[in-house]
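The file protein.pdb comes next; it holds PDB, C-alpha atoms and all ligand atoms.
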MODEL        1
ATOM      1  CA  MET A   1      83.476   1.355 130.754  1.00  0.00           C
ATOM      2  CA  THR A   2      80.962   1.881 127.993  1.00  0.00           C
ATOM      3  CA  VAL A   3      78.139  -0.596 127.672  1.00  0.00           C
ATOM      4  CA  ARG A   4      76.583  -0.126 124.252  1.00  0.00           C
ATOM      5  CA  ASP A   5      72.980  -0.827 123.235  1.00  0.00           C
ATOM      6  CA  ILE A   6      72.495  -4.228 121.618  1.00  0.00           C
ATOM      7  CA  LEU A   7      70.373  -4.306 118.465  1.00  0.00           C
ATOM      8  CA  LYS A   8      67.474  -6.740 118.454  1.00  0.00           C
ATOM      9  CA  MET A   9      66.228  -9.082 115.746  1.00  0.00           C
ATOM     10  CA  GLY A  10      64.174  -7.104 113.244  1.00  0.00           C
ATOM     11  CA  ASP A  11      66.810  -4.399 112.918  1.00  0.00           C
ATOM     12  CA  ALA A  12      68.066  -4.405 109.309  1.00  0.00           C
ATOM     13  CA  ARG A  13      71.634  -3.731 110.503  1.00  0.00           C
ATOM     14  CA  LEU A  14      71.759  -7.312 111.775  1.00  0.00           C
ATOM     15  CA  LEU A  15      71.183  -8.615 108.239  1.00  0.00           C
ATOM     16  CA  ARG A  16      74.164  -7.031 106.478  1.00  0.00           C
ATOM     17  CA  MET A  17      77.351  -8.647 105.220  1.00  0.00           C
ATOM     18  CA  ALA A  18      79.891  -6.852 107.408  1.00  0.00           C
ATOM     19  CA  GLN A  19      82.903  -5.022 105.981  1.00  0.00           C
ATOM     20  CA  LYS A  20      86.479  -6.189 106.489  1.00  0.00           C
ATOM     21  CA  VAL A  21      88.647  -4.405 109.050  1.00  0.00           C
ATOM     22  CA  THR A  22      91.580  -2.714 107.273  1.00  0.00           C
ATOM     23  CA  ASP A  23      93.247  -0.770 110.123  1.00  0.00           C
ATOM     24  CA  PHE A  24      94.743  -2.883 112.912  1.00  0.00           C
ATOM     25  CA  ASP A  25      96.176  -1.734 116.239  1.00  0.00           C
ATOM     26  CA  SER A  26      94.494   1.668 115.988  1.00  0.00           C
ATOM     27  CA  ASP A  27      93.088   3.638 118.937  1.00  0.00           C
ATOM     28  CA  GLU A  28      89.651   3.452 117.322  1.00  0.00           C
ATOM     29  CA  LEU A  29      89.792  -0.344 117.039  1.00  0.00           C
ATOM     30  CA  HIS A  30      91.041  -0.803 120.625  1.00  0.00           C
ATOM     31  CA  LEU A  31      88.255   1.450 121.950  1.00  0.00           C
ATOM     32  CA  LEU A  32      85.647  -0.465 119.962  1.00  0.00           C
ATOM     33  CA  ILE A  33      86.913  -3.791 121.360  1.00  0.00           C
ATOM     34  CA  THR A  34      86.882  -2.427 124.924  1.00  0.00           C
ATOM     35  CA  ASP A  35      83.256  -1.380 124.448  1.00  0.00           C
ATOM     36  CA  MET A  36      82.363  -4.774 122.979  1.00  0.00           C
ATOM     37  CA  LEU A  37      83.959  -6.650 125.895  1.00  0.00           C
ATOM     38  CA  ASP A  38      82.220  -4.358 128.420  1.00  0.00           C
ATOM     39  CA  THR A  39      78.899  -4.866 126.639  1.00  0.00           C
ATOM     40  CA  MET A  40      79.316  -8.650 126.393  1.00  0.00           C
ATOM     41  CA  ARG A  41      80.249  -8.982 130.077  1.00  0.00           C
ATOM     42  CA  ALA A  42      77.454  -6.678 131.276  1.00  0.00           C
ATOM     43  CA  ALA A  43      74.951  -8.915 129.456  1.00  0.00           C
ATOM     44  CA  ASN A  44      76.676 -12.192 130.458  1.00  0.00           C
ATOM     45  CA  GLY A  45      77.030 -12.991 126.757  1.00  0.00           C
ATOM     46  CA  ALA A  46      79.107 -15.923 125.510  1.00  0.00           C
ATOM     47  CA  GLY A  47      80.167 -13.656 122.664  1.00  0.00           C
ATOM     48  CA  LEU A  48      79.331 -10.492 120.781  1.00  0.00           C
ATOM     49  CA  ALA A  49      79.692  -9.425 117.163  1.00  0.00           C
ATOM     50  CA  ALA A  50      80.270  -5.813 116.071  1.00  0.00           C
ATOM     51  CA  PRO A  51      77.031  -5.712 114.004  1.00  0.00           C
ATOM     52  CA  GLN A  52      75.113  -6.329 117.251  1.00  0.00           C
ATOM     53  CA  ILE A  53      76.095  -2.836 118.406  1.00  0.00           C
ATOM     54  CA  GLY A  54      75.499  -1.386 114.940  1.00  0.00           C
ATOM     55  CA  VAL A  55      79.131  -1.427 113.805  1.00  0.00           C
ATOM     56  CA  ASP A  56      79.490  -2.744 110.266  1.00  0.00           C
ATOM     57  CA  LEU A  57      82.816  -4.579 110.688  1.00  0.00           C
ATOM     58  CA  GLN A  58      83.992  -8.202 110.654  1.00  0.00           C
ATOM     59  CA  LEU A  59      84.887  -8.309 114.335  1.00  0.00           C
ATOM     60  CA  VAL A  60      83.703 -10.674 117.062  1.00  0.00           C
ATOM     61  CA  VAL A  61      84.676 -11.242 120.691  1.00  0.00           C
ATOM     62  CA  PHE A  62      83.897 -14.354 122.682  1.00  0.00           C
ATOM     63  CA  GLY A  63      85.007 -16.406 125.659  1.00  0.00           C
ATOM     64  CA  SER A  64      85.928 -15.493 129.228  1.00  0.00           C
ATOM     65  CA  PHE A  65      88.196 -16.518 132.078  1.00  0.00           C
ATOM     66  CA  GLU A  66      85.326 -18.013 134.051  1.00  0.00           C
ATOM     67  CA  ARG A  67      82.120 -19.926 133.535  1.00  0.00           C
ATOM     68  CA  ASN A  68      79.260 -18.006 131.991  1.00  0.00           C
ATOM     69  CA  PRO A  69      76.148 -17.713 134.215  1.00  0.00           C
ATOM     70  CA  ARG A  70      73.929 -17.868 131.107  1.00  0.00           C
ATOM     71  CA  TYR A  71      75.555 -21.208 130.166  1.00  0.00           C
ATOM     72  CA  PRO A  72      76.691 -22.624 133.526  1.00  0.00           C
ATOM     73  CA  ASP A  73      77.096 -26.179 132.249  1.00  0.00           C
ATOM     74  CA  ARG A  74      79.326 -25.212 129.309  1.00  0.00           C
ATOM     75  CA  PRO A  75      83.112 -25.299 129.292  1.00  0.00           C
ATOM     76  CA  VAL A  76      85.181 -22.135 129.444  1.00  0.00           C
ATOM     77  CA  VAL A  77      86.276 -20.798 126.045  1.00  0.00           C
ATOM     78  CA  GLN A  78      89.488 -18.754 126.017  1.00  0.00           C
ATOM     79  CA  PRO A  79      88.910 -15.012 125.583  1.00  0.00           C
ATOM     80  CA  THR A  80      89.294 -14.209 121.898  1.00  0.00           C
ATOM     81  CA  VAL A  81      89.150 -11.183 119.611  1.00  0.00           C
ATOM     82  CA  LEU A  82      88.649 -12.419 116.055  1.00  0.00           C
ATOM     83  CA  ILE A  83      88.733 -10.153 112.993  1.00  0.00           C
ATOM     84  CA  ASN A  84      88.058 -10.915 109.306  1.00  0.00           C
ATOM     85  CA  PRO A  85      87.396 -14.580 110.081  1.00  0.00           C
ATOM     86  CA  THR A  86      86.999 -17.641 107.917  1.00  0.00           C
ATOM     87  CA  ILE A  87      85.472 -20.907 109.157  1.00  0.00           C
ATOM     88  CA  THR A  88      86.007 -24.270 107.479  1.00  0.00           C
ATOM     89  CA  PRO A  89      84.252 -27.457 108.629  1.00  0.00           C
ATOM     90  CA  LEU A  90      86.730 -30.332 109.058  1.00  0.00           C
ATOM     91  CA  SER A  91      84.140 -33.085 108.659  1.00  0.00           C
ATOM     92  CA  GLU A  92      80.514 -33.565 107.720  1.00  0.00           C
ATOM     93  CA  ALA A  93      79.613 -34.145 111.370  1.00  0.00           C
ATOM     94  CA  GLU A  94      77.041 -31.872 112.962  1.00  0.00           C
ATOM     95  CA  GLU A  95      75.970 -31.432 116.571  1.00  0.00           C
ATOM     96  CA  SER A  96      72.741 -29.869 117.798  1.00  0.00           C
ATOM     97  CA  ASP A  97      72.455 -27.922 121.033  1.00  0.00           C
ATOM     98  CA  TRP A  98      70.526 -25.036 122.580  1.00  0.00           C
ATOM     99  CA  GLU A  99      71.558 -21.510 121.645  1.00  0.00           C
ATOM    100  CA  GLY A 100      70.498 -18.076 122.723  1.00  0.00           C
ATOM    101  CA  CYS A 101      71.505 -14.659 121.464  1.00  0.00           C
ATOM    102  CA  LEU A 102      71.655 -11.213 123.060  1.00  0.00           C
ATOM    103  CA  SER A 103      69.873  -9.896 119.942  1.00  0.00           C
ATOM    104  CA  VAL A 104      67.046 -12.423 120.427  1.00  0.00           C
ATOM    105  CA  PRO A 105      66.297 -11.941 124.127  1.00  0.00           C
ATOM    106  CA  GLY A 106      64.254 -14.431 126.106  1.00  0.00           C
ATOM    107  CA  LEU A 107      64.378 -17.242 123.549  1.00  0.00           C
ATOM    108  CA  ARG A 108      66.375 -20.409 122.956  1.00  0.00           C
ATOM    109  CA  GLY A 109      66.484 -22.748 119.996  1.00  0.00           C
ATOM    110  CA  MET A 110      68.061 -26.067 119.066  1.00  0.00           C
ATOM    111  CA  VAL A 111      70.670 -25.296 116.415  1.00  0.00           C
ATOM    112  CA  PRO A 112      72.786 -27.688 114.336  1.00  0.00           C
ATOM    113  CA  ARG A 113      76.415 -26.633 113.878  1.00  0.00           C
ATOM    114  CA  TRP A 114      79.544 -28.176 112.405  1.00  0.00           C
ATOM    115  CA  ALA A 115      81.108 -30.304 115.127  1.00  0.00           C
ATOM    116  CA  HIS A 116      84.747 -29.729 114.102  1.00  0.00           C
ATOM    117  CA  VAL A 117      85.978 -26.543 112.463  1.00  0.00           C
ATOM    118  CA  ARG A 118      89.147 -24.691 111.661  1.00  0.00           C
ATOM    119  CA  TYR A 119      88.928 -20.942 111.960  1.00  0.00           C
ATOM    120  CA  THR A 120      91.360 -18.274 110.895  1.00  0.00           C
ATOM    121  CA  GLY A 121      91.535 -14.511 111.159  1.00  0.00           C
ATOM    122  CA  PHE A 122      93.446 -11.837 113.014  1.00  0.00           C
ATOM    123  CA  ASP A 123      93.558 -10.342 116.472  1.00  0.00           C
ATOM    124  CA  GLN A 124      93.386  -6.600 117.148  1.00  0.00           C
ATOM    125  CA  TYR A 125      97.150  -6.233 116.531  1.00  0.00           C
ATOM    126  CA  GLY A 126      96.955  -7.888 113.117  1.00  0.00           C
ATOM    127  CA  ASP A 127      98.523 -11.148 114.306  1.00  0.00           C
ATOM    128  CA  ALA A 128      97.160 -14.259 112.634  1.00  0.00           C
ATOM    129  CA  ILE A 129      94.849 -16.664 114.454  1.00  0.00           C
ATOM    130  CA  ASP A 130      94.511 -20.252 113.207  1.00  0.00           C
ATOM    131  CA  ARG A 131      92.704 -22.732 115.456  1.00  0.00           C
ATOM    132  CA  THR A 132      91.106 -26.149 115.179  1.00  0.00           C
ATOM    133  CA  VAL A 133      88.267 -26.555 117.684  1.00  0.00           C
ATOM    134  CA  ASP A 134      85.194 -28.616 118.463  1.00  0.00           C
ATOM    135  CA  GLY A 135      82.308 -28.698 120.939  1.00  0.00           C
ATOM    136  CA  PHE A 136      81.123 -25.473 122.569  1.00  0.00           C
ATOM    137  CA  HIS A 137      84.088 -23.451 121.247  1.00  0.00           C
ATOM    138  CA  ALA A 138      83.185 -24.474 117.676  1.00  0.00           C
ATOM    139  CA  ARG A 139      79.535 -23.594 118.320  1.00  0.00           C
ATOM    140  CA  VAL A 140      80.322 -20.152 119.742  1.00  0.00           C
ATOM    141  CA  VAL A 141      82.621 -19.163 116.887  1.00  0.00           C
ATOM    142  CA  GLN A 142      80.063 -20.294 114.288  1.00  0.00           C
ATOM    143  CA  HIS A 143      77.269 -18.384 116.061  1.00  0.00           C
ATOM    144  CA  GLU A 144      79.304 -15.173 116.381  1.00  0.00           C
ATOM    145  CA  CYS A 145      80.671 -15.245 112.844  1.00  0.00           C
ATOM    146  CA  ASP A 146      77.154 -15.849 111.507  1.00  0.00           C
ATOM    147  CA  HIS A 147      76.388 -12.308 112.745  1.00  0.00           C
ATOM    148  CA  LEU A 148      78.998 -11.060 110.249  1.00  0.00           C
ATOM    149  CA  TRP A 149      77.155 -12.706 107.354  1.00  0.00           C
ATOM    150  CA  GLY A 150      73.762 -11.348 108.442  1.00  0.00           C
ATOM    151  CA  LYS A 151      72.550 -14.611 109.966  1.00  0.00           C
ATOM    152  CA  LEU A 152      70.815 -14.987 113.339  1.00  0.00           C
ATOM    153  CA  TYR A 153      70.501 -18.404 114.963  1.00  0.00           C
ATOM    154  CA  PRO A 154      66.697 -18.708 114.413  1.00  0.00           C
ATOM    155  CA  MET A 155      67.521 -18.860 110.684  1.00  0.00           C
ATOM    156  CA  ARG A 156      69.448 -22.087 111.450  1.00  0.00           C
ATOM    157  CA  VAL A 157      66.712 -23.757 113.533  1.00  0.00           C
ATOM    158  CA  ARG A 158      65.337 -26.799 111.702  1.00  0.00           C
ATOM    159  CA  ASP A 159      62.764 -28.084 114.192  1.00  0.00           C
ATOM    160  CA  PHE A 160      60.633 -25.247 115.525  1.00  0.00           C
ATOM    161  CA  ARG A 161      59.194 -27.543 118.195  1.00  0.00           C
ATOM    162  CA  GLN A 162      62.592 -26.939 119.816  1.00  0.00           C
ATOM    163  CA  PHE A 163      62.405 -23.153 119.826  1.00  0.00           C
ATOM    164  CA  GLY A 164      60.779 -21.165 122.596  1.00  0.00           C
ATOM    165  CA  PHE A 165      60.986 -18.967 125.629  1.00  0.00           C
ATOM    166  CA  THR A 166      63.873 -19.714 127.984  1.00  0.00           C
ATOM    167  CA  GLU A 167      61.683 -19.412 131.083  1.00  0.00           C
ATOM    168  CA  VAL A 168      59.305 -22.053 129.718  1.00  0.00           C
ATOM    169  CA  LEU A 169      61.832 -24.419 128.132  1.00  0.00           C
ATOM    170  CA  PHE A 170      64.073 -24.450 131.181  1.00  0.00           C
ATOM    171  CA  ALA A 171      61.537 -23.728 133.900  1.00  0.00           C
ATOM    172  CA  GLU A 172      62.930 -26.467 136.101  1.00  0.00           C
ATOM    173  CA  MET A 173      66.516 -25.266 135.851  1.00  0.00           C
ATOM    174  CA  ALA A 174      67.984 -22.621 138.112  1.00  0.00           C
ATOM    175  CA  VAL A 175      69.637 -20.801 135.226  1.00  0.00           C
ATOM    176  CA  ASN A 176      70.185 -17.107 134.946  1.00  0.00           C
ATOM    177  CA  GLN A 177      67.273 -15.998 132.785  1.00  0.00           C
ATOM    178  CA  ASP A 178      68.018 -12.349 132.445  1.00  0.00           C
ATOM    179  CA  ASP A 179      67.925 -12.548 128.671  1.00  0.00           C
TER     180      ASP A 179
HETATM  181 NI    NI B 201      74.205 -13.872 118.813  1.00  0.00          NI
ENDMDL
END
Translate the structure of the given file into structure tokens.
Amino acid sequence: MTVRDILKMGDARLLRMAQKVTDFDSDELHLLITDMLDTMRAANGAGLAAPQIGVDLQLVVFGSFERNPRYPDRPVVQPTVLINPTITPLSEAEESDWEGCLSVPGLRGMVPRWAHVRYTGFDQYGDAIDRTVDGFHARVVQHECDHLWGKLYPMRVRDFRQFGFTEVLFAEMAVNQDD
């Protein structure tokens, strides 16, 4: 198990357009994904993008088999490895909800996202993924893929009155505040 260091906001490597993966089902790719899953789970992340550990590739992992202690009220999203993704909104509808990010520790912000999206891409074996999702699943995939285009969620916040420290915003809630 290798838990990698997570880059924090301010690091220029989080602002790059990531490169496409060209080699699927390689030992190198499988090792990278194992490290990403270990790192995501160790931090109780809802997802993790390769640029967050300094790897300049279009690769994200998200989801789990159980509820996430950082987001205890959110539904379970199936574990997914998504490579070279595209995201297409299926309507004009947006939803706003609180987001955090392992690269922006200690903070949460209210972020608008497309409510219904189709996403495509490939898994680590090169098999195609094509899903239509909404709700928390749609939010997570948009957040993670944003990392591949050099975007962090604070860049999506529209009302900075709804952006602050987790321990202050949610002081009354018994949430896991280790980020
Ligand atoms: Ni993030």
| request: Choose the residue, out of A:Gly164, A:Gly150, A:Pro79, A:Gly126, that has the smallest atom-to-atom separation from ligand NI 201 (chain B); count all atoms listed in the file. | output: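 Checking each candidate against ligand NI 201 (chain B), we get A:Gly150 as the closest.
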| query | In Å to one decimal, how far is atom CA of A:Leu107 from atom CA of A:Leu82? | reply |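 We find that atom CA of A:Leu82 and atom CA of A:Leu107 lie 25.9 Å from each other.
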Could you list the protein, DNA and RNA residues that have any atom within 8 Å of ligand NI 201 (chain B), counting all atoms listed in the file, and write them as a PDB file with C-alpha atoms, in the coordinates of the input?
ATOM      1  CA  GLY A  47      80.167 -13.656 122.664  1.00  0.00           C
ATOM      2  CA  LEU A  48      79.331 -10.492 120.781  1.00  0.00           C
ATOM      3  CA  ALA A  49      79.692  -9.425 117.163  1.00  0.00           C
ATOM      4  CA  GLN A  52      75.113  -6.329 117.251  1.00  0.00           C
ATOM      5  CA  GLY A 100      70.498 -18.076 122.723  1.00  0.00           C
ATOM      6  CA  CYS A 101      71.505 -14.659 121.464  1.00  0.00           C
ATOM      7  CA  LEU A 102      71.655 -11.213 123.060  1.00  0.00           C
ATOM      8  CA  SER A 103      69.873  -9.896 119.942  1.00  0.00           C
ATOM      9  CA  VAL A 104      67.046 -12.423 120.427  1.00  0.00           C
ATOM     10  CA  HIS A 143      77.269 -18.384 116.061  1.00  0.00           C
ATOM     11  CA  GLU A 144      79.304 -15.173 116.381  1.00  0.00           C
ATOM     12  CA  HIS A 147      76.388 -12.308 112.745  1.00  0.00           C
ATOM     13  CA  LEU A 152      70.815 -14.987 113.339  1.00  0.00           C
ATOM     14  CA  TYR A 153      70.501 -18.404 114.963  1.00  0.00           C
TER      15      TYR A 153
END
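Atom CA of A:Thr88 to atom CA of A:Pro75 spans 22.0 Å [interatomic distance, one decimal].
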| query | If the PyMOL selection byres (((chain A and resi 43-45) around 10) and not hetatm) is run on the structure shown, which residues does it catch, given as a VMD selection string? | reply | chain A and resid 3 6 37 to 42 46 to 48 61 to 64 67 to 71 100 to 102 176 178 to 179
| message | Taking all atoms listed in the file into account, name the residue in A:Asp127, A:Gly10, A:Glu99, A:His137 that is nearest to A:Gln78. | response | A:His137
| atom CA of A:Val133 to atom CA of A:Lys8, distance in Å rounded to a single decimal |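 Interatomic distance here is 28.7 Å.
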| message | Show me, as a ChimeraX atom specification, the residues that have an atom within 6 Å of A:Leu57 when counting only C-alpha atoms, minus same-chain residues fewer than 6 positions from it. | response | /A:18-20
Can you spell out as a compact mmCIF listing (two decimals) with C-alpha atoms, keeping the file's coordinate frame the set of residues that the PyMOL selection byres (((chain A and resi 109) around 12) and not hetatm) selects in the structure I just provided?
# COMPACT_ATOMS: atom_id res chain seq x y z
CA SER A 96 72.74 -29.87 117.80
CA ASP A 97 72.46 -27.92 121.03
CA TRP A 98 70.53 -25.04 122.58
CA GLU A 99 71.56 -21.51 121.64
CA GLY A 100 70.50 -18.08 122.72
CA CYS A 101 71.50 -14.66 121.46
CA VAL A 104 67.05 -12.42 120.43
CA PRO A 105 66.30 -11.94 124.13
CA GLY A 106 64.25 -14.43 126.11
CA LEU A 107 64.38 -17.24 123.55
CA ARG A 108 66.38 -20.41 122.96
CA MET A 110 68.06 -26.07 119.07
CA VAL A 111 70.67 -25.30 116.42
CA PRO A 112 72.79 -27.69 114.34
CA LEU A 152 70.82 -14.99 113.34
CA TYR A 153 70.50 -18.40 114.96
CA PRO A 154 66.70 -18.71 114.41
CA MET A 155 67.52 -18.86 110.68
CA ARG A 156 69.45 -22.09 111.45
CA VAL A 157 66.71 -23.76 113.53
CA ARG A 158 65.34 -26.80 111.70
CA ASP A 159 62.76 -28.08 114.19
CA PHE A 160 60.63 -25.25 115.52
CA ARG A 161 59.19 -27.54 118.20
CA GLN A 162 62.59 -26.94 119.82
CA PHE A 163 62.40 -23.15 119.83
CA GLY A 164 60.78 -21.16 122.60
CA PHE A 165 60.99 -18.97 125.63
CA THR A 166 63.87 -19.71 127.98
CA LEU A 169 61.83 -24.42 128.13
CA PHE A 170 64.07 -24.45 131.18
| request: For the file shown, report as a PyMOL selection string the outcome of the PyMOL selection byres (((chain A and resi 83-87) around 6) and not hetatm) at residue level. | output: chain A and resi 20+58-59+82+88+118-123
Could the centre and edge lengths of an axis-aligned box, enclosing all atoms of stretch 36-52 of chain A in the file with 6 Å extra on each side, be given in Å to one decimal as AutoDock Vina command-line options?
--center_x 79.5 --center_y -10.1 --center_z 122.6 --size_x 21.0 --size_y 23.6 --size_z 29.3
| field | Residue list as JSON, numbers by chain for point (79.3, -32.5, 114.4), cut-off 12 Å, only C-alpha atoms | value | {"A": [89, 90, 91, 92, 93, 94, 95, 96, 97, 111, 112, 113, 114, 115, 116, 117, 133, 134, 135, 136, 138, 139]}
Restore all heavy atoms in stretch 137-147 of chain A and list the result as a CSV table (one decimal), in the coordinates of the input.
chain,number,residue,atom,x,y,z
A,137,HIS,N,83.2,-24.5,121.9
A,137,HIS,CA,84.1,-23.5,121.2
A,137,HIS,C,83.7,-23.3,119.8
A,137,HIS,O,83.5,-22.2,119.2
A,137,HIS,CB,85.6,-23.9,121.4
A,137,HIS,CG,86.5,-22.8,121.0
A,137,HIS,ND1,87.8,-22.7,121.6
A,137,HIS,CD2,86.5,-21.8,120.1
A,137,HIS,CE1,88.5,-21.7,121.1
A,137,HIS,NE2,87.7,-21.1,120.2
A,138,ALA,N,83.6,-24.5,119.1
A,138,ALA,CA,83.2,-24.5,117.7
A,138,ALA,C,81.8,-23.9,117.5
A,138,ALA,O,81.6,-23.1,116.5
A,138,ALA,CB,83.2,-25.9,117.1
A,139,ARG,N,80.9,-24.2,118.4
A,139,ARG,CA,79.5,-23.6,118.3
A,139,ARG,C,79.6,-22.1,118.5
A,139,ARG,O,78.9,-21.3,117.7
A,139,ARG,CB,78.6,-24.2,119.4
A,139,ARG,CG,77.2,-23.7,119.5
A,139,ARG,CD,76.4,-24.5,120.4
A,139,ARG,NE,76.3,-25.9,119.9
A,139,ARG,CZ,75.5,-26.3,118.9
A,139,ARG,NH1,74.6,-25.4,118.4
A,139,ARG,NH2,75.5,-27.5,118.4
A,140,VAL,N,80.3,-21.6,119.5
A,140,VAL,CA,80.3,-20.2,119.7
A,140,VAL,C,80.9,-19.4,118.5
A,140,VAL,O,80.4,-18.4,118.1
A,140,VAL,CB,81.1,-19.9,121.0
A,140,VAL,CG1,81.4,-18.4,121.2
A,140,VAL,CG2,80.4,-20.4,122.3
A,141,VAL,N,82.0,-19.9,118.0
A,141,VAL,CA,82.6,-19.2,116.9
A,141,VAL,C,81.7,-19.2,115.7
A,141,VAL,O,81.6,-18.2,114.9
A,141,VAL,CB,84.1,-19.7,116.6
A,141,VAL,CG1,84.1,-21.0,115.9
A,141,VAL,CG2,84.8,-18.6,115.8
A,142,GLN,N,81.0,-20.3,115.4
A,142,GLN,CA,80.1,-20.3,114.3
A,142,GLN,C,78.9,-19.3,114.5
A,142,GLN,O,78.5,-18.6,113.6
A,142,GLN,CB,79.5,-21.7,114.1
A,142,GLN,CG,80.6,-22.6,113.5
A,142,GLN,CD,80.2,-24.1,113.4
A,142,GLN,OE1,79.5,-24.5,112.5
A,142,GLN,NE2,80.5,-24.9,114.5
A,143,HIS,N,78.4,-19.3,115.7
A,143,HIS,CA,77.3,-18.4,116.1
A,143,HIS,C,77.7,-16.9,115.9
A,143,HIS,O,77.0,-16.1,115.2
A,143,HIS,CB,76.8,-18.6,117.5
A,143,HIS,CG,75.7,-17.7,118.0
A,143,HIS,ND1,74.5,-18.1,118.3
A,143,HIS,CD2,75.8,-16.3,118.2
A,143,HIS,CE1,73.8,-17.0,118.6
A,143,HIS,NE2,74.5,-15.9,118.6
A,144,GLU,N,78.9,-16.6,116.4
A,144,GLU,CA,79.3,-15.2,116.4
A,144,GLU,C,79.6,-14.8,115.0
A,144,GLU,O,79.2,-13.7,114.5
A,144,GLU,CB,80.5,-14.9,117.3
A,144,GLU,CG,80.2,-15.1,118.8
A,144,GLU,CD,79.0,-14.4,119.3
A,144,GLU,OE1,78.7,-13.3,118.8
A,144,GLU,OE2,78.3,-15.0,120.2
A,145,CYS,N,80.3,-15.6,114.2
A,145,CYS,CA,80.7,-15.2,112.8
A,145,CYS,C,79.4,-15.2,111.9
A,145,CYS,O,79.4,-14.4,111.0
A,145,CYS,CB,81.7,-16.2,112.3
A,145,CYS,SG,83.3,-16.0,113.1
A,146,ASP,N,78.4,-16.0,112.2
A,146,ASP,CA,77.2,-15.8,111.5
A,146,ASP,C,76.6,-14.4,111.5
A,146,ASP,O,76.1,-13.9,110.6
A,146,ASP,CB,76.1,-16.8,112.1
A,146,ASP,CG,75.9,-18.0,111.3
A,146,ASP,OD1,76.5,-18.2,110.3
A,146,ASP,OD2,75.0,-18.8,111.7
A,147,HIS,N,76.8,-13.7,112.7
A,147,HIS,CA,76.4,-12.3,112.7
A,147,HIS,C,77.1,-11.4,111.7
A,147,HIS,O,76.5,-10.4,111.2
A,147,HIS,CB,76.7,-11.7,114.1
A,147,HIS,CG,75.7,-12.1,115.2
A,147,HIS,ND1,74.4,-11.7,115.2
A,147,HIS,CD2,75.9,-12.9,116.3
A,147,HIS,CE1,73.8,-12.2,116.3
A,147,HIS,NE2,74.7,-12.9,117.0
